[in-house]
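The file target28.txt contains compact mmCIF, N, CA and C atoms:
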# COMPACT_ATOMS: atom_id res chain seq x y z
N MET A 467 26.39 29.17 26.84
CA MET A 467 25.73 30.33 27.43
C MET A 467 26.43 30.68 28.74
N THR A 468 26.53 31.95 29.00
CA THR A 468 27.22 32.44 30.18
C THR A 468 26.39 32.24 31.44
N ASP A 469 27.07 32.09 32.57
CA ASP A 469 26.36 31.99 33.84
C ASP A 469 26.00 33.35 34.39
N CYS A 470 26.59 34.42 33.86
CA CYS A 470 26.28 35.78 34.30
C CYS A 470 25.09 36.29 33.50
N ILE A 471 24.00 36.58 34.20
CA ILE A 471 22.80 37.04 33.49
C ILE A 471 22.65 38.56 33.51
N LEU A 472 23.30 39.22 34.45
CA LEU A 472 23.23 40.68 34.53
C LEU A 472 24.50 41.19 35.16
N SER A 473 25.09 42.23 34.56
CA SER A 473 26.26 42.85 35.16
C SER A 473 26.31 44.33 34.83
N THR A 474 26.95 45.07 35.73
CA THR A 474 27.24 46.47 35.47
C THR A 474 28.73 46.66 35.69
N ASP A 475 29.31 47.61 34.96
CA ASP A 475 30.72 47.90 35.10
C ASP A 475 30.89 49.42 35.18
N ARG A 476 31.25 49.90 36.37
CA ARG A 476 31.50 51.32 36.61
C ARG A 476 30.31 52.19 36.18
N LEU A 477 29.13 51.70 36.45
CA LEU A 477 27.90 52.41 36.06
C LEU A 477 27.74 53.68 36.89
N THR A 478 27.54 54.79 36.20
CA THR A 478 27.46 56.09 36.85
C THR A 478 26.31 56.89 36.26
N ARG A 479 25.63 57.63 37.14
CA ARG A 479 24.60 58.57 36.68
C ARG A 479 24.71 59.84 37.53
N SER A 480 24.91 60.93 36.83
CA SER A 480 25.00 62.24 37.48
C SER A 480 23.83 63.10 37.04
N PHE A 481 23.37 63.92 37.95
CA PHE A 481 22.36 64.94 37.67
C PHE A 481 23.02 66.27 37.99
N GLY A 482 23.63 66.89 37.00
CA GLY A 482 24.40 68.10 37.26
C GLY A 482 25.58 67.76 38.15
N GLY A 483 25.65 68.42 39.29
CA GLY A 483 26.75 68.16 40.23
C GLY A 483 26.49 67.02 41.19
N LEU A 484 25.28 66.45 41.18
CA LEU A 484 24.93 65.35 42.08
C LEU A 484 25.18 64.02 41.40
N VAL A 485 26.01 63.19 42.02
CA VAL A 485 26.27 61.85 41.49
C VAL A 485 25.37 60.88 42.25
N ALA A 486 24.34 60.39 41.57
CA ALA A 486 23.35 59.51 42.22
C ALA A 486 23.83 58.06 42.26
N VAL A 487 24.50 57.62 41.21
CA VAL A 487 25.07 56.28 41.13
C VAL A 487 26.53 56.47 40.73
N ASN A 488 27.43 55.97 41.56
CA ASN A 488 28.85 56.27 41.37
C ASN A 488 29.66 55.00 41.13
N GLU A 489 29.94 54.72 39.87
CA GLU A 489 30.81 53.60 39.46
C GLU A 489 30.41 52.27 40.11
N VAL A 490 29.16 51.91 39.98
CA VAL A 490 28.65 50.66 40.55
C VAL A 490 28.97 49.50 39.61
N SER A 491 29.60 48.49 40.16
CA SER A 491 29.93 47.28 39.39
C SER A 491 29.45 46.06 40.17
N PHE A 492 28.77 45.16 39.49
CA PHE A 492 28.35 43.90 40.10
C PHE A 492 28.05 42.89 39.00
N GLN A 493 27.95 41.63 39.39
CA GLN A 493 27.54 40.56 38.49
C GLN A 493 26.51 39.70 39.21
N VAL A 494 25.49 39.30 38.47
CA VAL A 494 24.48 38.39 39.00
C VAL A 494 24.56 37.11 38.18
N ALA A 495 24.80 36.00 38.87
CA ALA A 495 24.90 34.71 38.19
C ALA A 495 23.53 34.06 38.06
N ARG A 496 23.41 33.19 37.09
CA ARG A 496 22.19 32.42 36.89
C ARG A 496 21.85 31.68 38.19
N HIS A 497 20.60 31.73 38.60
CA HIS A 497 20.06 31.07 39.80
C HIS A 497 20.53 31.72 41.10
N GLU A 498 21.18 32.86 41.02
CA GLU A 498 21.63 33.56 42.23
C GLU A 498 20.55 34.51 42.71
N VAL A 499 20.38 34.60 44.01
CA VAL A 499 19.51 35.61 44.61
C VAL A 499 20.42 36.76 44.97
N PHE A 500 20.12 37.93 44.45
CA PHE A 500 21.00 39.09 44.58
C PHE A 500 20.18 40.28 45.04
N GLY A 501 20.66 41.02 46.01
CA GLY A 501 19.92 42.17 46.52
C GLY A 501 20.73 43.45 46.48
N ILE A 502 20.04 44.55 46.40
CA ILE A 502 20.64 45.88 46.48
C ILE A 502 20.04 46.55 47.71
N VAL A 503 20.88 46.93 48.67
CA VAL A 503 20.38 47.55 49.89
C VAL A 503 21.10 48.88 50.12
N GLY A 504 20.48 49.74 50.85
CA GLY A 504 21.07 51.03 51.19
C GLY A 504 20.01 51.95 51.74
N PRO A 505 20.44 53.02 52.38
CA PRO A 505 19.48 53.95 52.96
C PRO A 505 18.75 54.76 51.89
N ASN A 506 17.69 55.44 52.29
CA ASN A 506 16.98 56.34 51.38
C ASN A 506 17.97 57.34 50.81
N GLY A 507 17.87 57.58 49.52
CA GLY A 507 18.75 58.54 48.87
C GLY A 507 20.08 57.97 48.42
N ALA A 508 20.28 56.67 48.59
CA ALA A 508 21.57 56.06 48.22
C ALA A 508 21.71 55.82 46.72
N GLY A 509 20.60 55.90 45.96
CA GLY A 509 20.67 55.71 44.51
C GLY A 509 20.12 54.38 44.02
N LYS A 510 19.46 53.63 44.90
CA LYS A 510 18.93 52.31 44.50
C LYS A 510 17.91 52.43 43.37
N SER A 511 16.96 53.33 43.50
CA SER A 511 15.94 53.49 42.45
C SER A 511 16.56 53.97 41.15
N THR A 512 17.51 54.87 41.23
CA THR A 512 18.20 55.34 40.03
C THR A 512 18.94 54.20 39.37
N LEU A 513 19.57 53.34 40.17
CA LEU A 513 20.27 52.17 39.62
C LEU A 513 19.30 51.27 38.86
N PHE A 514 18.14 51.00 39.44
CA PHE A 514 17.15 50.17 38.76
C PHE A 514 16.62 50.86 37.50
N ASP A 515 16.46 52.18 37.56
CA ASP A 515 16.06 52.92 36.36
C ASP A 515 17.10 52.78 35.25
N LEU A 516 18.36 52.81 35.60
CA LEU A 516 19.43 52.65 34.60
C LEU A 516 19.40 51.27 33.98
N ILE A 517 19.25 50.26 34.80
CA ILE A 517 19.22 48.88 34.30
C ILE A 517 18.01 48.65 33.40
N ALA A 518 16.87 49.21 33.79
CA ALA A 518 15.63 49.00 33.03
C ALA A 518 15.52 49.90 31.80
N GLY A 519 16.37 50.91 31.70
CA GLY A 519 16.32 51.80 30.55
C GLY A 519 15.41 52.99 30.72
N VAL A 520 14.95 53.24 31.94
CA VAL A 520 14.13 54.41 32.22
C VAL A 520 15.00 55.67 32.14
N ARG A 521 16.26 55.55 32.56
CA ARG A 521 17.25 56.62 32.47
C ARG A 521 18.49 56.08 31.78
N ARG A 522 19.25 56.96 31.17
CA ARG A 522 20.51 56.61 30.52
C ARG A 522 21.66 56.86 31.49
N PRO A 523 22.66 55.99 31.51
CA PRO A 523 23.82 56.24 32.36
C PRO A 523 24.67 57.39 31.83
N THR A 524 25.34 58.08 32.73
CA THR A 524 26.32 59.08 32.34
C THR A 524 27.55 58.38 31.78
N SER A 525 27.90 57.25 32.39
CA SER A 525 29.01 56.43 31.90
C SER A 525 28.85 55.02 32.47
N GLY A 526 29.65 54.10 31.94
CA GLY A 526 29.63 52.72 32.39
C GLY A 526 28.87 51.82 31.44
N ARG A 527 28.84 50.54 31.76
CA ARG A 527 28.17 49.56 30.91
C ARG A 527 27.22 48.69 31.70
N ILE A 528 26.24 48.17 30.96
CA ILE A 528 25.28 47.21 31.51
C ILE A 528 25.20 46.06 30.51
N GLU A 529 25.32 44.84 31.00
CA GLU A 529 25.16 43.66 30.15
C GLU A 529 24.08 42.77 30.73
N ALA A 530 23.27 42.21 29.85
CA ALA A 530 22.25 41.24 30.24
C ALA A 530 22.39 40.05 29.31
N PHE A 531 22.55 38.88 29.88
CA PHE A 531 22.67 37.64 29.13
C PHE A 531 23.77 37.73 28.07
N GLY A 532 24.91 38.38 28.46
CA GLY A 532 26.07 38.45 27.59
C GLY A 532 26.03 39.52 26.52
N ARG A 533 25.02 40.41 26.56
CA ARG A 533 24.90 41.45 25.54
C ARG A 533 24.79 42.82 26.20
N ARG A 534 25.52 43.79 25.66
CA ARG A 534 25.43 45.16 26.18
C ARG A 534 24.04 45.72 25.91
N ILE A 535 23.46 46.37 26.92
CA ILE A 535 22.09 46.88 26.78
C ILE A 535 21.95 48.35 27.13
N GLU A 536 23.03 49.02 27.56
CA GLU A 536 22.85 50.39 28.06
C GLU A 536 22.34 51.36 27.01
N THR A 537 22.45 51.04 25.73
CA THR A 537 21.93 51.94 24.70
C THR A 537 20.54 51.53 24.20
N LEU A 538 20.03 50.40 24.68
CA LEU A 538 18.71 49.95 24.24
C LEU A 538 17.60 50.71 24.97
N ALA A 539 16.49 50.91 24.29
CA ALA A 539 15.30 51.52 24.91
C ALA A 539 14.70 50.54 25.92
N ALA A 540 13.89 51.07 26.82
CA ALA A 540 13.28 50.24 27.87
C ALA A 540 12.48 49.09 27.28
N HIS A 541 11.70 49.33 26.20
CA HIS A 541 10.89 48.24 25.64
C HIS A 541 11.78 47.16 25.01
N GLU A 542 12.93 47.54 24.48
CA GLU A 542 13.85 46.53 23.92
C GLU A 542 14.47 45.69 25.03
N ARG A 543 14.76 46.30 26.14
CA ARG A 543 15.29 45.55 27.29
C ARG A 543 14.22 44.60 27.84
N CYS A 544 12.99 45.06 27.84
CA CYS A 544 11.89 44.23 28.32
C CYS A 544 11.79 42.95 27.51
N TRP A 545 11.90 43.06 26.19
CA TRP A 545 11.85 41.88 25.34
C TRP A 545 13.02 40.92 25.62
N ARG A 546 14.08 41.43 26.23
CA ARG A 546 15.24 40.60 26.57
C ARG A 546 15.19 40.13 28.02
N GLY A 547 14.07 40.39 28.70
CA GLY A 547 13.88 39.88 30.06
C GLY A 547 14.25 40.84 31.16
N ILE A 548 14.49 42.11 30.83
CA ILE A 548 14.86 43.10 31.84
C ILE A 548 13.72 44.11 31.97
N GLY A 549 13.16 44.23 33.16
CA GLY A 549 12.08 45.17 33.39
C GLY A 549 12.15 45.72 34.79
N ARG A 550 11.32 46.68 35.06
CA ARG A 550 11.31 47.31 36.37
C ARG A 550 9.89 47.35 36.89
N THR A 551 9.73 47.02 38.15
CA THR A 551 8.45 47.17 38.82
C THR A 551 8.63 48.10 40.01
N PHE A 552 7.55 48.47 40.60
CA PHE A 552 7.60 49.37 41.74
C PHE A 552 7.04 48.66 42.95
N GLN A 553 7.40 49.13 44.14
CA GLN A 553 7.00 48.47 45.37
C GLN A 553 5.50 48.33 45.51
N THR A 554 4.76 49.26 44.98
CA THR A 554 3.32 49.25 45.16
C THR A 554 2.58 48.75 43.92
N SER A 555 3.28 48.02 43.05
CA SER A 555 2.60 47.57 41.84
C SER A 555 1.62 46.45 42.16
N GLN A 556 0.41 46.62 41.72
CA GLN A 556 -0.62 45.60 41.86
C GLN A 556 -1.49 45.68 40.62
N MET A 557 -1.28 44.73 39.71
CA MET A 557 -2.11 44.73 38.51
C MET A 557 -3.54 44.38 38.86
N PHE A 558 -3.70 43.43 39.77
CA PHE A 558 -5.02 42.98 40.19
C PHE A 558 -5.05 43.00 41.73
N PRO A 559 -5.35 44.15 42.33
CA PRO A 559 -5.27 44.25 43.78
C PRO A 559 -6.15 43.25 44.52
N GLU A 560 -7.20 42.76 43.85
CA GLU A 560 -8.09 41.80 44.51
C GLU A 560 -7.52 40.38 44.51
N HIS A 561 -6.43 40.14 43.75
CA HIS A 561 -5.83 38.81 43.69
C HIS A 561 -4.91 38.54 44.87
N SER A 562 -4.89 37.30 45.29
CA SER A 562 -3.92 36.88 46.29
C SER A 562 -2.57 36.70 45.60
N VAL A 563 -1.52 36.44 46.36
CA VAL A 563 -0.19 36.17 45.80
C VAL A 563 -0.26 34.99 44.85
N VAL A 564 -0.91 33.92 45.27
CA VAL A 564 -1.02 32.71 44.44
C VAL A 564 -1.76 33.01 43.14
N GLU A 565 -2.87 33.72 43.24
CA GLU A 565 -3.65 34.05 42.04
C GLU A 565 -2.83 34.92 41.07
N SER A 566 -2.04 35.83 41.60
CA SER A 566 -1.19 36.66 40.75
C SER A 566 -0.16 35.83 40.02
N LEU A 567 0.48 34.89 40.71
CA LEU A 567 1.46 34.01 40.07
C LEU A 567 0.80 33.12 39.02
N LEU A 568 -0.39 32.64 39.32
CA LEU A 568 -1.11 31.81 38.34
C LEU A 568 -1.47 32.63 37.10
N SER A 569 -1.81 33.90 37.28
CA SER A 569 -2.13 34.75 36.14
C SER A 569 -0.91 34.95 35.25
N VAL A 570 0.24 35.14 35.86
CA VAL A 570 1.48 35.29 35.08
C VAL A 570 1.76 34.00 34.31
N ARG A 571 1.61 32.87 34.98
CA ARG A 571 1.84 31.59 34.29
C ARG A 571 0.88 31.43 33.11
N ALA A 572 -0.38 31.77 33.30
CA ALA A 572 -1.36 31.64 32.22
C ALA A 572 -0.99 32.54 31.05
N ALA A 573 -0.56 33.76 31.34
CA ALA A 573 -0.17 34.68 30.27
C ALA A 573 1.07 34.18 29.53
N MET A 574 2.02 33.60 30.26
CA MET A 574 3.23 33.07 29.62
C MET A 574 2.90 31.88 28.73
N GLN A 575 1.97 31.06 29.15
CA GLN A 575 1.61 29.87 28.38
C GLN A 575 0.70 30.18 27.20
N ARG A 576 -0.20 31.16 27.36
CA ARG A 576 -1.25 31.38 26.37
C ARG A 576 -1.19 32.74 25.69
N GLY A 577 -0.19 33.56 26.03
CA GLY A 577 -0.12 34.89 25.46
C GLY A 577 -1.05 35.85 26.17
N ALA A 578 -1.31 36.95 25.53
CA ALA A 578 -2.09 38.03 26.15
C ALA A 578 -3.47 37.58 26.60
N THR A 579 -4.09 36.66 25.88
CA THR A 579 -5.43 36.22 26.28
C THR A 579 -5.40 35.33 27.51
N GLY A 580 -4.22 34.89 27.91
CA GLY A 580 -4.10 34.07 29.11
C GLY A 580 -4.58 34.78 30.36
N TRP A 581 -4.47 36.13 30.38
CA TRP A 581 -4.93 36.90 31.53
C TRP A 581 -6.44 36.77 31.72
N LEU A 582 -7.13 36.45 30.65
CA LEU A 582 -8.59 36.44 30.69
C LEU A 582 -9.18 35.07 31.02
N ARG A 583 -8.35 34.07 31.13
CA ARG A 583 -8.84 32.70 31.36
C ARG A 583 -8.56 32.26 32.79
N ARG A 584 -9.26 31.19 33.18
CA ARG A 584 -9.03 30.59 34.50
C ARG A 584 -7.58 30.17 34.61
N ALA A 585 -6.95 30.52 35.71
CA ALA A 585 -5.51 30.33 35.86
C ALA A 585 -5.11 28.91 36.24
N GLY A 586 -5.91 28.17 36.94
CA GLY A 586 -5.56 26.81 37.31
C GLY A 586 -5.14 26.66 38.76
N ASP A 587 -4.44 25.59 39.02
CA ASP A 587 -4.04 25.20 40.37
C ASP A 587 -2.53 25.38 40.52
N PRO A 588 -2.05 26.01 41.61
CA PRO A 588 -0.61 26.20 41.77
C PRO A 588 0.15 24.89 41.88
N ALA A 589 -0.50 23.84 42.35
CA ALA A 589 0.16 22.55 42.46
C ALA A 589 0.53 21.97 41.10
N ASP A 590 -0.09 22.48 40.02
CA ASP A 590 0.23 22.01 38.67
C ASP A 590 1.59 22.48 38.19
N ASP A 591 2.15 23.47 38.84
CA ASP A 591 3.43 24.03 38.40
C ASP A 591 4.38 24.10 39.59
N PRO A 592 5.38 23.22 39.65
CA PRO A 592 6.29 23.23 40.79
C PRO A 592 7.09 24.54 40.91
N ARG A 593 7.22 25.29 39.80
CA ARG A 593 7.95 26.57 39.88
C ARG A 593 7.21 27.56 40.76
N ILE A 594 5.88 27.53 40.70
CA ILE A 594 5.10 28.45 41.54
C ILE A 594 5.27 28.07 43.00
N VAL A 595 5.21 26.80 43.29
CA VAL A 595 5.41 26.33 44.66
C VAL A 595 6.81 26.73 45.14
N ASP A 596 7.84 26.57 44.28
CA ASP A 596 9.21 26.94 44.63
C ASP A 596 9.33 28.44 44.94
N VAL A 597 8.71 29.28 44.10
CA VAL A 597 8.77 30.73 44.32
C VAL A 597 8.10 31.10 45.63
N LEU A 598 6.95 30.50 45.90
CA LEU A 598 6.25 30.78 47.15
C LEU A 598 7.08 30.37 48.35
N GLU A 599 7.74 29.22 48.28
CA GLU A 599 8.58 28.76 49.38
C GLU A 599 9.82 29.63 49.54
N LEU A 600 10.47 29.97 48.42
CA LEU A 600 11.67 30.78 48.44
C LEU A 600 11.42 32.14 49.08
N THR A 601 10.27 32.74 48.78
CA THR A 601 9.96 34.07 49.28
C THR A 601 9.23 34.05 50.62
N GLY A 602 8.89 32.87 51.10
CA GLY A 602 8.16 32.78 52.36
C GLY A 602 6.70 33.17 52.26
N LEU A 603 6.17 33.14 51.03
CA LEU A 603 4.78 33.56 50.81
C LEU A 603 3.83 32.38 50.59
N ASN A 604 4.29 31.16 50.90
CA ASN A 604 3.48 29.99 50.63
C ASN A 604 2.22 29.89 51.48
N GLY A 605 2.10 30.67 52.52
CA GLY A 605 0.87 30.67 53.32
C GLY A 605 -0.04 31.84 53.00
N MET A 606 0.27 32.56 51.90
CA MET A 606 -0.46 33.78 51.57
C MET A 606 -1.55 33.52 50.54
N ASP A 607 -2.51 32.70 50.84
CA ASP A 607 -3.60 32.43 49.92
C ASP A 607 -4.47 33.61 49.90

Any chance you could give the structure as structure tokens?
Amino acid sequence: MTDCILSTDRLTRSFGGLVAVNEVSFQVARHEVFGIVGPNGAGKSTLFDLIAGVRRPTSGRIEAFGRRIETLAAHERCWRGIGRTFQTSQMFPEHSVVESLLSVRAAMQRGATGWLRRAGDPADDPRIVDVLELTGLNGMD
């Protein structure tokens, strides 16, 4: 299995005469923390839309886990582990950060009905503790 989990090669998206994403190429390795930064209007949201399948590229390629995905629909990319969220997404606004992570873990372990059951203790899963520490959210009960 490849160490590259996501890559783009000369990814471009134009809207008429406006080029929103211009030949963007990058690779994200397994276990790498990778960020996209830039000012408002730089094309960051459009880039994420292209990767997630919300929009189609004008040209270029996108690969995820060694497979080209730029022609796949958004739901097909989702099944392959590629999705898009928004800054203000809150499925359960009343949940704390820890409770939200526990809900995701429960759903992953038990399927769709996992959302409806008691989530458990974060100490039971070292991955949750690692995510909280990595993001600096470990004090956000």

* Structure fact -> Correct to one decimal, the distance CA of His497 in chain A-atom N of Ser525 in chain A is 28.3 Å

* From a DSSP pass on the backbone, collect the residues of range 469-597 of chain A flagged as strand (DSSP E or B) and hand them back as a VMD selection string. => chain A and resid 470 to 481 484 to 495 525 to 530 533 to 534

Report as a PDB file with N, CA and C atoms, keeping the file's coordinate frame all protein, DNA and RNA residues lying within 8 Å of Arg522 in chain A, evaluated on all atoms listed in the file, omitting residues in the same chain fewer than 6 positions from it.
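part-v5.pdb, freshly written:
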ATOM      1  N   THR A 478      27.540  54.790  36.200  1.00  0.00           N
ATOM      2  CA  THR A 478      27.460  56.090  36.850  1.00  0.00           C
ATOM      3  C   THR A 478      26.310  56.890  36.260  1.00  0.00           C
ATOM      4  N   ARG A 479      25.630  57.630  37.140  1.00  0.00           N
ATOM      5  CA  ARG A 479      24.600  58.570  36.680  1.00  0.00           C
ATOM      6  C   ARG A 479      24.710  59.840  37.530  1.00  0.00           C
ATOM      7  N   SER A 480      24.910  60.930  36.830  1.00  0.00           N
ATOM      8  CA  SER A 480      25.000  62.240  37.480  1.00  0.00           C
ATOM      9  C   SER A 480      23.830  63.100  37.040  1.00  0.00           C
ATOM     10  N   ASP A 515      16.460  52.180  37.560  1.00  0.00           N
ATOM     11  CA  ASP A 515      16.060  52.920  36.360  1.00  0.00           C
ATOM     12  C   ASP A 515      17.100  52.780  35.250  1.00  0.00           C
ATOM     13  N   LEU A 516      18.360  52.810  35.600  1.00  0.00           N
ATOM     14  CA  LEU A 516      19.430  52.650  34.600  1.00  0.00           C
ATOM     15  C   LEU A 516      19.400  51.270  33.980  1.00  0.00           C
ATOM     16  N   GLU A 536      23.030  49.020  27.560  1.00  0.00           N
ATOM     17  CA  GLU A 536      22.850  50.390  28.060  1.00  0.00           C
ATOM     18  C   GLU A 536      22.340  51.360  27.010  1.00  0.00           C
ATOM     19  N   THR A 537      22.450  51.040  25.730  1.00  0.00           N
ATOM     20  CA  THR A 537      21.930  51.940  24.700  1.00  0.00           C
ATOM     21  C   THR A 537      20.540  51.530  24.200  1.00  0.00           C
TER      22      THR A 537
END

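The interatomic distance for the pair atom N of Ile471 in chain A and atom N of Pro592 in chain A works out to 23.6 Å.
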
* Asked: What does the distance between CA of Arg593 in chain A and CA of Val564 in chain A come to in Å, to one decimal place?
  -> 11.8 Å

Six-sided padding of 3 Å per side, axis-aligned box over range 593-596 of chain A, centre and edges in Å, one decimal, as AutoDock Vina command-line options:
--center_x 7.2 --center_y 26.9 --center_z 42.5 --size_x 10.2 --size_y 9.2 --size_z 11.3

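Counting all atoms listed in the file and comparing A:Val487, A:Ala495, A:Leu598, A:Ile535, the residue that lies closest to Leu513 in chain A is A:Val487.
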
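Among A:Leu477, A:Val595, A:Val503, A:Cys544, the residue with the shortest atom-to-atom distance to Gly526 in chain A, counting all atoms listed in the file, is A:Leu477.
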
Tell me, which residues of range 468-540 of chain A carry DSSP helix (DSSP H, G or I), written as a PDB file with N, CA and C atoms, in the frame of the given file?
ATOM      1  N   LYS A 510      19.460  53.630  44.900  1.00  0.00           N
ATOM      2  CA  LYS A 510      18.930  52.310  44.500  1.00  0.00           C
ATOM      3  C   LYS A 510      17.910  52.430  43.370  1.00  0.00           C
ATOM      4  N   SER A 511      16.960  53.330  43.500  1.00  0.00           N
ATOM      5  CA  SER A 511      15.940  53.490  42.450  1.00  0.00           C
ATOM      6  C   SER A 511      16.560  53.970  41.150  1.00  0.00           C
ATOM      7  N   THR A 512      17.510  54.870  41.230  1.00  0.00           N
ATOM      8  CA  THR A 512      18.200  55.340  40.030  1.00  0.00           C
ATOM      9  C   THR A 512      18.940  54.200  39.370  1.00  0.00           C
ATOM     10  N   LEU A 513      19.570  53.340  40.170  1.00  0.00           N
ATOM     11  CA  LEU A 513      20.270  52.170  39.620  1.00  0.00           C
ATOM     12  C   LEU A 513      19.300  51.270  38.860  1.00  0.00           C
ATOM     13  N   PHE A 514      18.140  51.000  39.440  1.00  0.00           N
ATOM     14  CA  PHE A 514      17.150  50.170  38.760  1.00  0.00           C
ATOM     15  C   PHE A 514      16.620  50.860  37.500  1.00  0.00           C
ATOM     16  N   ASP A 515      16.460  52.180  37.560  1.00  0.00           N
ATOM     17  CA  ASP A 515      16.060  52.920  36.360  1.00  0.00           C
ATOM     18  C   ASP A 515      17.100  52.780  35.250  1.00  0.00           C
ATOM     19  N   LEU A 516      18.360  52.810  35.600  1.00  0.00           N
ATOM     20  CA  LEU A 516      19.430  52.650  34.600  1.00  0.00           C
ATOM     21  C   LEU A 516      19.400  51.270  33.980  1.00  0.00           C
ATOM     22  N   ILE A 517      19.250  50.260  34.800  1.00  0.00           N
ATOM     23  CA  ILE A 517      19.220  48.880  34.300  1.00  0.00           C
ATOM     24  C   ILE A 517      18.010  48.650  33.400  1.00  0.00           C
ATOM     25  N   ALA A 518      16.870  49.210  33.790  1.00  0.00           N
ATOM     26  CA  ALA A 518      15.630  49.000  33.030  1.00  0.00           C
ATOM     27  C   ALA A 518      15.520  49.900  31.800  1.00  0.00           C
ATOM     28  N   ALA A 540      13.890  51.070  26.820  1.00  0.00           N
ATOM     29  CA  ALA A 540      13.280  50.240  27.870  1.00  0.00           C
ATOM     30  C   ALA A 540      12.480  49.090  27.280  1.00  0.00           C
TER      31      ALA A 540
END
